[in-house]
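Q: Please find one structure pasted underneath; my questions will follow.
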Amino acid sequence: NYDLSLVDTIAIEISRLFYISGHQVVYAIHCTPNKRVHIHFVVNTINYITGRKLHQFMADTKKRETVINECMRKYQYIVIRKVREVNKI
């Protein structure tokens with residue numbers, strides 16, 4: 001079982017990473033039938049400070065993955081899979 005208030009805290013912390021870089025974000029938490037907890041983020045690609053559109057490249061995705069995994073480790077949660085592993089599924 002997961003402490004959903006802790007999962008919410010993690011989601012807020014990750015959301016702040018997007019927000020401080022100028023992007024609005026909302027998140028949703030849900031549990032799958034096999035009891036796995038997921039956090040989904042929806043990020044506004046238009047920067048609310050500069051008005052510029054966010055463009056993501058593989059290097060950006062890997063950097064974001066690293067930052068999120070560091071946050072997850074801080075709370076002793078399982079880290080997300082590597083991008084290349086997800087693309088193989």
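Note on naming: chains are A, B, ... as they come in the structure tokens, residues start from 1 per chain, ligands start from 1 in the order shown.
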Could you find all residues in chain A that DSSP calls strand (DSSP E) from the backbone, and write them as JSON, numbers by chain?
A: {"A": [25, 26, 27, 28, 29, 30, 31, 37, 38, 39, 40, 41, 42, 43]}
Q: The selected residues should be written to file as a CSV table (one decimal), in the first residue's frame (atoms: all heavy atoms).
A:
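Just written: out05.csv:
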chain,number,residue,atom,x,y,z
A,25,VAL,N,1.3,23.5,-14.7
A,25,VAL,CA,1.2,22.1,-14.7
A,25,VAL,C,0.0,21.6,-13.8
A,25,VAL,O,-0.3,22.3,-12.8
A,25,VAL,CB,2.5,21.4,-14.2
A,25,VAL,CG1,2.9,21.8,-12.9
A,25,VAL,CG2,2.5,19.9,-14.4
A,26,VAL,N,-0.7,20.6,-14.2
A,26,VAL,CA,-1.7,19.9,-13.4
A,26,VAL,C,-1.3,18.5,-13.3
A,26,VAL,O,-0.6,17.9,-14.2
A,26,VAL,CB,-3.1,20.1,-13.9
A,26,VAL,CG1,-3.6,21.5,-13.8
A,26,VAL,CG2,-3.3,19.5,-15.3
A,27,TYR,N,-1.7,17.8,-12.3
A,27,TYR,CA,-1.4,16.4,-12.1
A,27,TYR,C,-2.6,15.6,-11.6
A,27,TYR,O,-3.5,16.1,-11.1
A,27,TYR,CB,-0.1,16.1,-11.2
A,27,TYR,CG,-0.4,16.5,-9.8
A,27,TYR,CD1,-0.9,15.6,-8.9
A,27,TYR,CD2,-0.1,17.8,-9.3
A,27,TYR,CE1,-1.1,15.9,-7.6
A,27,TYR,CE2,-0.3,18.1,-8.0
A,27,TYR,CZ,-0.8,17.2,-7.1
A,27,TYR,OH,-1.0,17.5,-5.8
A,28,ALA,N,-2.5,14.3,-11.9
A,28,ALA,CA,-3.6,13.4,-11.4
A,28,ALA,C,-2.9,12.1,-10.9
A,28,ALA,O,-1.9,11.7,-11.5
A,28,ALA,CB,-4.5,13.0,-12.5
A,29,ILE,N,-3.4,11.6,-9.8
A,29,ILE,CA,-2.8,10.4,-9.2
A,29,ILE,C,-3.9,9.3,-9.3
A,29,ILE,O,-5.1,9.6,-9.0
A,29,ILE,CB,-2.5,10.6,-7.7
A,29,ILE,CG1,-1.4,11.7,-7.6
A,29,ILE,CG2,-2.0,9.3,-7.1
A,29,ILE,CD1,-1.2,12.2,-6.2
A,30,HIS,N,-3.5,8.1,-9.7
A,30,HIS,CA,-4.4,7.0,-9.7
A,30,HIS,C,-3.7,5.7,-9.4
A,30,HIS,O,-2.5,5.6,-9.6
A,30,HIS,CB,-5.2,6.9,-11.0
A,30,HIS,CG,-4.4,6.4,-12.2
A,30,HIS,ND1,-4.4,5.1,-12.6
A,30,HIS,CD2,-3.6,7.1,-13.0
A,30,HIS,CE1,-3.6,5.0,-13.6
A,30,HIS,NE2,-3.1,6.2,-13.9
A,31,CYS,N,-4.5,4.7,-9.0
A,31,CYS,CA,-3.9,3.4,-8.8
A,31,CYS,C,-4.5,2.5,-9.8
A,31,CYS,O,-5.7,2.5,-10.2
A,31,CYS,CB,-4.4,2.9,-7.4
A,31,CYS,SG,-3.8,3.8,-6.0
A,37,VAL,N,0.8,2.8,-8.3
A,37,VAL,CA,0.4,4.2,-8.3
A,37,VAL,C,1.1,4.9,-9.4
A,37,VAL,O,2.3,4.7,-9.6
A,37,VAL,CB,0.7,4.8,-6.9
A,37,VAL,CG1,0.4,6.3,-6.9
A,37,VAL,CG2,0.0,4.1,-5.8
A,38,HIS,N,0.3,5.7,-10.1
A,38,HIS,CA,0.8,6.5,-11.2
A,38,HIS,C,0.5,8.0,-10.9
A,38,HIS,O,-0.5,8.3,-10.4
A,38,HIS,CB,0.2,6.1,-12.5
A,38,HIS,CG,0.5,4.8,-13.0
A,38,HIS,ND1,1.3,4.6,-14.1
A,38,HIS,CD2,0.3,3.6,-12.5
A,38,HIS,CE1,1.5,3.3,-14.3
A,38,HIS,NE2,0.9,2.7,-13.4
A,39,ILE,N,1.5,8.8,-11.3
A,39,ILE,CA,1.2,10.3,-11.3
A,39,ILE,C,1.3,10.7,-12.8
A,39,ILE,O,2.4,10.5,-13.4
A,39,ILE,CB,2.2,11.0,-10.5
A,39,ILE,CG1,2.3,10.5,-9.1
A,39,ILE,CG2,1.9,12.5,-10.4
A,39,ILE,CD1,3.5,11.1,-8.3
A,40,HIS,N,0.3,11.4,-13.3
A,40,HIS,CA,0.3,11.9,-14.6
A,40,HIS,C,0.4,13.4,-14.6
A,40,HIS,O,-0.3,14.0,-13.8
A,40,HIS,CB,-0.9,11.5,-15.4
A,40,HIS,CG,-1.0,10.0,-15.6
A,40,HIS,ND1,-0.5,9.4,-16.7
A,40,HIS,CD2,-1.5,9.0,-14.8
A,40,HIS,CE1,-0.7,8.1,-16.6
A,40,HIS,NE2,-1.3,7.8,-15.5
A,41,PHE,N,1.2,14.0,-15.4
A,41,PHE,CA,1.4,15.4,-15.4
A,41,PHE,C,1.0,16.0,-16.8
A,41,PHE,O,1.3,15.4,-17.8
A,41,PHE,CB,2.9,15.8,-15.2
A,41,PHE,CG,3.4,15.4,-13.9
A,41,PHE,CD1,4.0,14.2,-13.7
A,41,PHE,CD2,3.2,16.3,-12.8
A,41,PHE,CE1,4.5,13.8,-12.4
A,41,PHE,CE2,3.7,15.9,-11.5
A,41,PHE,CZ,4.3,14.7,-11.3
A,42,VAL,N,0.2,17.1,-16.8
A,42,VAL,CA,-0.1,17.8,-18.0
A,42,VAL,C,0.6,19.1,-17.9
A,42,VAL,O,0.3,19.9,-17.0
A,42,VAL,CB,-1.6,17.9,-18.2
A,42,VAL,CG1,-1.9,18.7,-19.5
A,42,VAL,CG2,-2.3,16.6,-18.2
A,43,VAL,N,1.5,19.4,-18.9
A,43,VAL,CA,2.2,20.6,-18.8
A,43,VAL,C,1.9,21.5,-20.0
A,43,VAL,O,1.8,21.1,-21.1
A,43,VAL,CB,3.8,20.3,-18.9
A,43,VAL,CG1,4.6,21.6,-18.9
A,43,VAL,CG2,4.2,19.4,-17.7
Q: Among chain A, which ones does DSSP assign to helix (DSSP H, G or I) (computed from the backbone)? Answer as number ranges by chain.
A: A: 4-20, 58-74, 83-88
Q: If we count only C-alpha atoms and set the cut-off at 12 Å, which residues sit around Ser21 (chain A), ignoring sequence neighbours fewer than 6 positions away in its own chain? Please answer as a list in words.
A: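 Here the answer would be Ile14, Ser15, Val43, Asn44, Thr45, Ile46, Asn47, Tyr48, Ile49, Thr50, Arg52, Leu54 and Arg64 of chain A.
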Q: Can you write out the residues you just picked, keeping N, CA and C atoms, as a compact mmCIF listing (two decimals), in the first residue's frame?
A:
# COMPACT_ATOMS: atom_id res chain seq x y z
N ILE A 14 7.40 17.70 -7.89
CA ILE A 14 7.74 17.58 -9.31
C ILE A 14 7.04 18.69 -10.11
N SER A 15 5.80 18.99 -9.76
CA SER A 15 5.07 20.07 -10.44
C SER A 15 5.80 21.40 -10.29
N VAL A 43 1.46 19.42 -18.86
CA VAL A 43 2.25 20.64 -18.80
C VAL A 43 1.85 21.55 -19.96
N ASN A 44 1.58 22.82 -19.63
CA ASN A 44 1.31 23.81 -20.66
C ASN A 44 2.64 24.11 -21.35
N THR A 45 2.72 23.84 -22.64
CA THR A 45 3.98 24.01 -23.36
C THR A 45 4.32 25.47 -23.63
N ILE A 46 3.36 26.37 -23.40
CA ILE A 46 3.64 27.80 -23.57
C ILE A 46 4.09 28.37 -22.23
N ASN A 47 5.29 28.92 -22.21
CA ASN A 47 5.86 29.49 -21.00
C ASN A 47 5.05 30.72 -20.60
N TYR A 48 4.54 30.73 -19.37
CA TYR A 48 3.69 31.84 -18.94
C TYR A 48 4.49 33.11 -18.68
N ILE A 49 5.80 33.04 -18.61
CA ILE A 49 6.64 34.22 -18.41
C ILE A 49 7.09 34.81 -19.75
N THR A 50 7.60 33.93 -20.63
CA THR A 50 8.18 34.41 -21.89
C THR A 50 7.24 34.32 -23.08
N ARG A 52 7.06 31.75 -24.90
CA ARG A 52 7.69 30.84 -25.86
C ARG A 52 7.23 29.40 -25.63
N LEU A 54 7.61 25.39 -25.36
CA LEU A 54 8.57 24.41 -24.87
C LEU A 54 8.82 23.37 -25.95
N ARG A 64 15.15 15.62 -17.49
CA ARG A 64 13.92 15.65 -16.68
C ARG A 64 13.75 14.33 -15.94
Q: Determine, counting only C-alpha atoms, which protein, DNA and RNA residues have an atom within 12 Å of an atom of Glu13 (chain A); residues of the same chain fewer than 2 positions away are not included. Present the result as a short mmCIF file (atom, residue, chain, number, x, y, z; two decimals) with all heavy atoms, in the first residue's frame.
A:
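Output file selection_5.cif is given in full below:
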data_model
loop_
_atom_site.label_atom_id
_atom_site.label_comp_id
_atom_site.auth_asym_id
_atom_site.auth_seq_id
_atom_site.Cartn_x
_atom_site.Cartn_y
_atom_site.Cartn_z
N LEU A 6 1.79 11.12 0.74
CA LEU A 6 3.19 11.22 0.35
C LEU A 6 3.31 11.27 -1.17
O LEU A 6 4.11 12.06 -1.70
CB LEU A 6 4.00 10.06 0.91
CG LEU A 6 5.49 10.07 0.57
CD1 LEU A 6 6.16 11.36 1.04
CD2 LEU A 6 6.18 8.87 1.20
N VAL A 7 2.52 10.48 -1.87
CA VAL A 7 2.51 10.52 -3.34
C VAL A 7 2.09 11.92 -3.81
O VAL A 7 2.68 12.48 -4.74
CB VAL A 7 1.59 9.43 -3.92
CG1 VAL A 7 1.49 9.56 -5.44
CG2 VAL A 7 2.11 8.04 -3.55
N ASP A 8 1.12 12.51 -3.13
CA ASP A 8 0.69 13.87 -3.47
C ASP A 8 1.82 14.87 -3.23
O ASP A 8 2.05 15.77 -4.04
CB ASP A 8 -0.55 14.25 -2.64
CG ASP A 8 -1.14 15.57 -3.06
OD1 ASP A 8 -1.46 15.73 -4.26
OD2 ASP A 8 -1.28 16.44 -2.20
N THR A 9 2.55 14.71 -2.15
CA THR A 9 3.71 15.57 -1.86
C THR A 9 4.74 15.46 -2.97
O THR A 9 5.30 16.48 -3.42
CB THR A 9 4.33 15.19 -0.50
OG1 THR A 9 3.36 15.38 0.52
CG2 THR A 9 5.57 16.01 -0.21
N ILE A 10 5.00 14.26 -3.43
CA ILE A 10 5.95 14.04 -4.52
C ILE A 10 5.45 14.73 -5.80
O ILE A 10 6.21 15.40 -6.50
CB ILE A 10 6.19 12.54 -4.76
CG1 ILE A 10 6.91 11.93 -3.56
CG2 ILE A 10 6.96 12.30 -6.06
CD1 ILE A 10 6.95 10.41 -3.55
N ALA A 11 4.18 14.57 -6.09
CA ALA A 11 3.60 15.19 -7.29
C ALA A 11 3.71 16.71 -7.23
O ALA A 11 4.03 17.36 -8.23
CB ALA A 11 2.14 14.77 -7.44
N SER A 15 5.80 18.99 -9.76
CA SER A 15 5.07 20.07 -10.44
C SER A 15 5.80 21.40 -10.29
O SER A 15 5.86 22.20 -11.23
CB SER A 15 3.66 20.20 -9.88
OG SER A 15 2.90 19.06 -10.17
N ARG A 16 6.35 21.63 -9.12
CA ARG A 16 7.09 22.88 -8.88
C ARG A 16 8.28 23.01 -9.82
O ARG A 16 8.65 24.12 -10.21
CB ARG A 16 7.55 22.96 -7.44
CG ARG A 16 6.44 23.32 -6.50
CD ARG A 16 6.96 23.52 -5.09
NE ARG A 16 5.83 23.84 -4.22
CZ ARG A 16 5.66 23.34 -3.02
NH1 ARG A 16 6.55 22.53 -2.50
NH2 ARG A 16 4.61 23.68 -2.30
N LEU A 17 8.90 21.89 -10.17
CA LEU A 17 10.04 21.93 -11.09
C LEU A 17 9.62 22.51 -12.44
O LEU A 17 10.36 23.27 -13.06
CB LEU A 17 10.63 20.53 -11.27
CG LEU A 17 11.19 19.87 -10.01
CD1 LEU A 17 11.60 18.43 -10.31
CD2 LEU A 17 12.37 20.67 -9.47
N PHE A 18 8.45 22.12 -12.91
CA PHE A 18 7.93 22.68 -14.16
C PHE A 18 7.55 24.15 -13.97
O PHE A 18 7.87 25.00 -14.80
CB PHE A 18 6.69 21.91 -14.64
CG PHE A 18 6.98 20.54 -15.14
CD1 PHE A 18 6.65 19.42 -14.38
CD2 PHE A 18 7.56 20.34 -16.38
CE1 PHE A 18 6.89 18.15 -14.84
CE2 PHE A 18 7.81 19.07 -16.86
CZ PHE A 18 7.49 17.97 -16.09
N TYR A 19 6.88 24.43 -12.86
CA TYR A 19 6.35 25.78 -12.64
C TYR A 19 7.47 26.82 -12.51
O TYR A 19 7.37 27.90 -13.08
CB TYR A 19 5.45 25.79 -11.40
CG TYR A 19 4.71 27.09 -11.24
CD1 TYR A 19 3.62 27.38 -12.05
CD2 TYR A 19 5.12 28.04 -10.30
CE1 TYR A 19 2.94 28.58 -11.91
CE2 TYR A 19 4.44 29.24 -10.17
CZ TYR A 19 3.36 29.51 -10.98
OH TYR A 19 2.69 30.70 -10.86
N ILE A 20 8.53 26.49 -11.79
CA ILE A 20 9.60 27.47 -11.63
C ILE A 20 10.34 27.72 -12.93
O ILE A 20 11.00 28.75 -13.07
CB ILE A 20 10.60 27.09 -10.50
CG1 ILE A 20 11.32 25.78 -10.82
CG2 ILE A 20 9.91 27.05 -9.16
CD1 ILE A 20 12.42 25.43 -9.83
N VAL A 25 1.27 23.52 -14.73
CA VAL A 25 1.16 22.06 -14.71
C VAL A 25 0.00 21.64 -13.81
O VAL A 25 -0.28 22.30 -12.81
CB VAL A 25 2.49 21.41 -14.25
CG1 VAL A 25 2.86 21.83 -12.86
CG2 VAL A 25 2.45 19.90 -14.36
N VAL A 26 -0.68 20.59 -14.22
CA VAL A 26 -1.66 19.92 -13.36
C VAL A 26 -1.26 18.45 -13.30
O VAL A 26 -0.58 17.94 -14.19
CB VAL A 26 -3.11 20.08 -13.88
CG1 VAL A 26 -3.55 21.52 -13.83
CG2 VAL A 26 -3.27 19.50 -15.26
N TYR A 27 -1.68 17.78 -12.26
CA TYR A 27 -1.36 16.37 -12.14
C TYR A 27 -2.57 15.59 -11.64
O TYR A 27 -3.49 16.15 -11.06
CB TYR A 27 -0.15 16.14 -11.22
CG TYR A 27 -0.38 16.50 -9.78
CD1 TYR A 27 -0.88 15.58 -8.88
CD2 TYR A 27 -0.09 17.79 -9.31
CE1 TYR A 27 -1.09 15.91 -7.56
CE2 TYR A 27 -0.30 18.13 -7.99
CZ TYR A 27 -0.79 17.19 -7.12
OH TYR A 27 -1.00 17.51 -5.81
N ILE A 39 1.47 8.84 -11.32
CA ILE A 39 1.22 10.27 -11.32
C ILE A 39 1.34 10.73 -12.77
O ILE A 39 2.36 10.48 -13.42
CB ILE A 39 2.24 11.05 -10.47
CG1 ILE A 39 2.34 10.49 -9.06
CG2 ILE A 39 1.88 12.54 -10.45
CD1 ILE A 39 3.50 11.06 -8.25
N PHE A 41 1.23 13.99 -15.40
CA PHE A 41 1.39 15.44 -15.44
C PHE A 41 0.96 15.95 -16.81
O PHE A 41 1.29 15.36 -17.83
CB PHE A 41 2.85 15.84 -15.20
CG PHE A 41 3.37 15.44 -13.86
CD1 PHE A 41 3.99 14.21 -13.67
CD2 PHE A 41 3.22 16.28 -12.77
CE1 PHE A 41 4.46 13.83 -12.43
CE2 PHE A 41 3.69 15.91 -11.52
CZ PHE A 41 4.31 14.68 -11.35
N VAL A 67 16.06 14.24 -12.90
CA VAL A 67 15.57 15.09 -11.80
C VAL A 67 14.39 14.44 -11.09
O VAL A 67 14.32 14.42 -9.85
CB VAL A 67 15.20 16.50 -12.34
CG1 VAL A 67 14.49 17.32 -11.28
CG2 VAL A 67 16.44 17.21 -12.84
N ILE A 68 13.47 13.88 -11.86
CA ILE A 68 12.31 13.21 -11.25
C ILE A 68 12.75 11.99 -10.46
O ILE A 68 12.28 11.75 -9.34
CB ILE A 68 11.26 12.84 -12.33
CG1 ILE A 68 10.62 14.12 -12.87
CG2 ILE A 68 10.20 11.89 -11.77
CD1 ILE A 68 9.73 13.90 -14.08
N ASN A 69 13.69 11.22 -10.99
CA ASN A 69 14.18 10.04 -10.27
C ASN A 69 14.86 10.43 -8.96
O ASN A 69 14.73 9.73 -7.96
CB ASN A 69 15.12 9.22 -11.15
CG ASN A 69 14.36 8.38 -12.15
OD1 ASN A 69 13.18 8.11 -11.99
ND2 ASN A 69 15.04 7.97 -13.20
N GLU A 70 15.59 11.55 -8.96
CA GLU A 70 16.21 12.01 -7.71
C GLU A 70 15.15 12.33 -6.67
O GLU A 70 15.30 12.00 -5.49
CB GLU A 70 17.08 13.25 -7.99
CG GLU A 70 18.35 12.94 -8.72
CD GLU A 70 19.10 14.18 -9.17
OE1 GLU A 70 18.68 15.31 -8.83
OE2 GLU A 70 20.11 14.02 -9.88
N CYS A 71 14.08 12.95 -7.10
CA CYS A 71 12.97 13.26 -6.20
C CYS A 71 12.35 11.97 -5.66
O CYS A 71 12.08 11.85 -4.46
CB CYS A 71 11.92 14.11 -6.92
SG CYS A 71 10.49 14.52 -5.90
N MET A 72 12.14 11.01 -6.54
CA MET A 72 11.54 9.74 -6.12
C MET A 72 12.44 9.01 -5.12
O MET A 72 11.95 8.46 -4.14
CB MET A 72 11.28 8.85 -7.34
CG MET A 72 10.31 9.44 -8.35
SD MET A 72 8.64 9.57 -7.71
CE MET A 72 8.15 7.87 -7.78
N LYS A 74 14.52 10.33 -3.07
CA LYS A 74 14.49 11.07 -1.81
C LYS A 74 13.38 10.54 -0.90
O LYS A 74 13.52 10.47 0.31
CB LYS A 74 14.30 12.56 -2.09
CG LYS A 74 14.30 13.42 -0.85
CD LYS A 74 14.39 14.89 -1.20
CE LYS A 74 13.02 15.44 -1.50
NZ LYS A 74 13.02 16.89 -1.70
N TYR A 75 12.28 10.15 -1.50
CA TYR A 75 11.14 9.63 -0.75
C TYR A 75 11.10 8.10 -0.76
O TYR A 75 10.12 7.50 -0.36
CB TYR A 75 9.83 10.18 -1.33
CG TYR A 75 9.69 11.66 -1.12
CD1 TYR A 75 9.96 12.56 -2.13
CD2 TYR A 75 9.30 12.16 0.13
CE1 TYR A 75 9.83 13.93 -1.93
CE2 TYR A 75 9.18 13.52 0.34
CZ TYR A 75 9.45 14.40 -0.70
OH TYR A 75 9.32 15.74 -0.49
#
Q: Could you tell me which of A:Asp3, A:Thr66, A:Gly22, A:Arg36 comes closest to Lys53 (chain A) if we count only C-alpha atoms?
A: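 That would be A:Gly22, the residue with the smallest distance to Lys53 (chain A).
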Q: Under the rule that only C-alpha atoms are counted, which of A:His55, A:His23, A:Tyr77, A:Asp60 is the nearest residue to Tyr2 (chain A)?
A: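 Between A:His55, A:His23, A:Tyr77, A:Asp60, the residue approaching Tyr2 (chain A) most closely is A:Tyr77.
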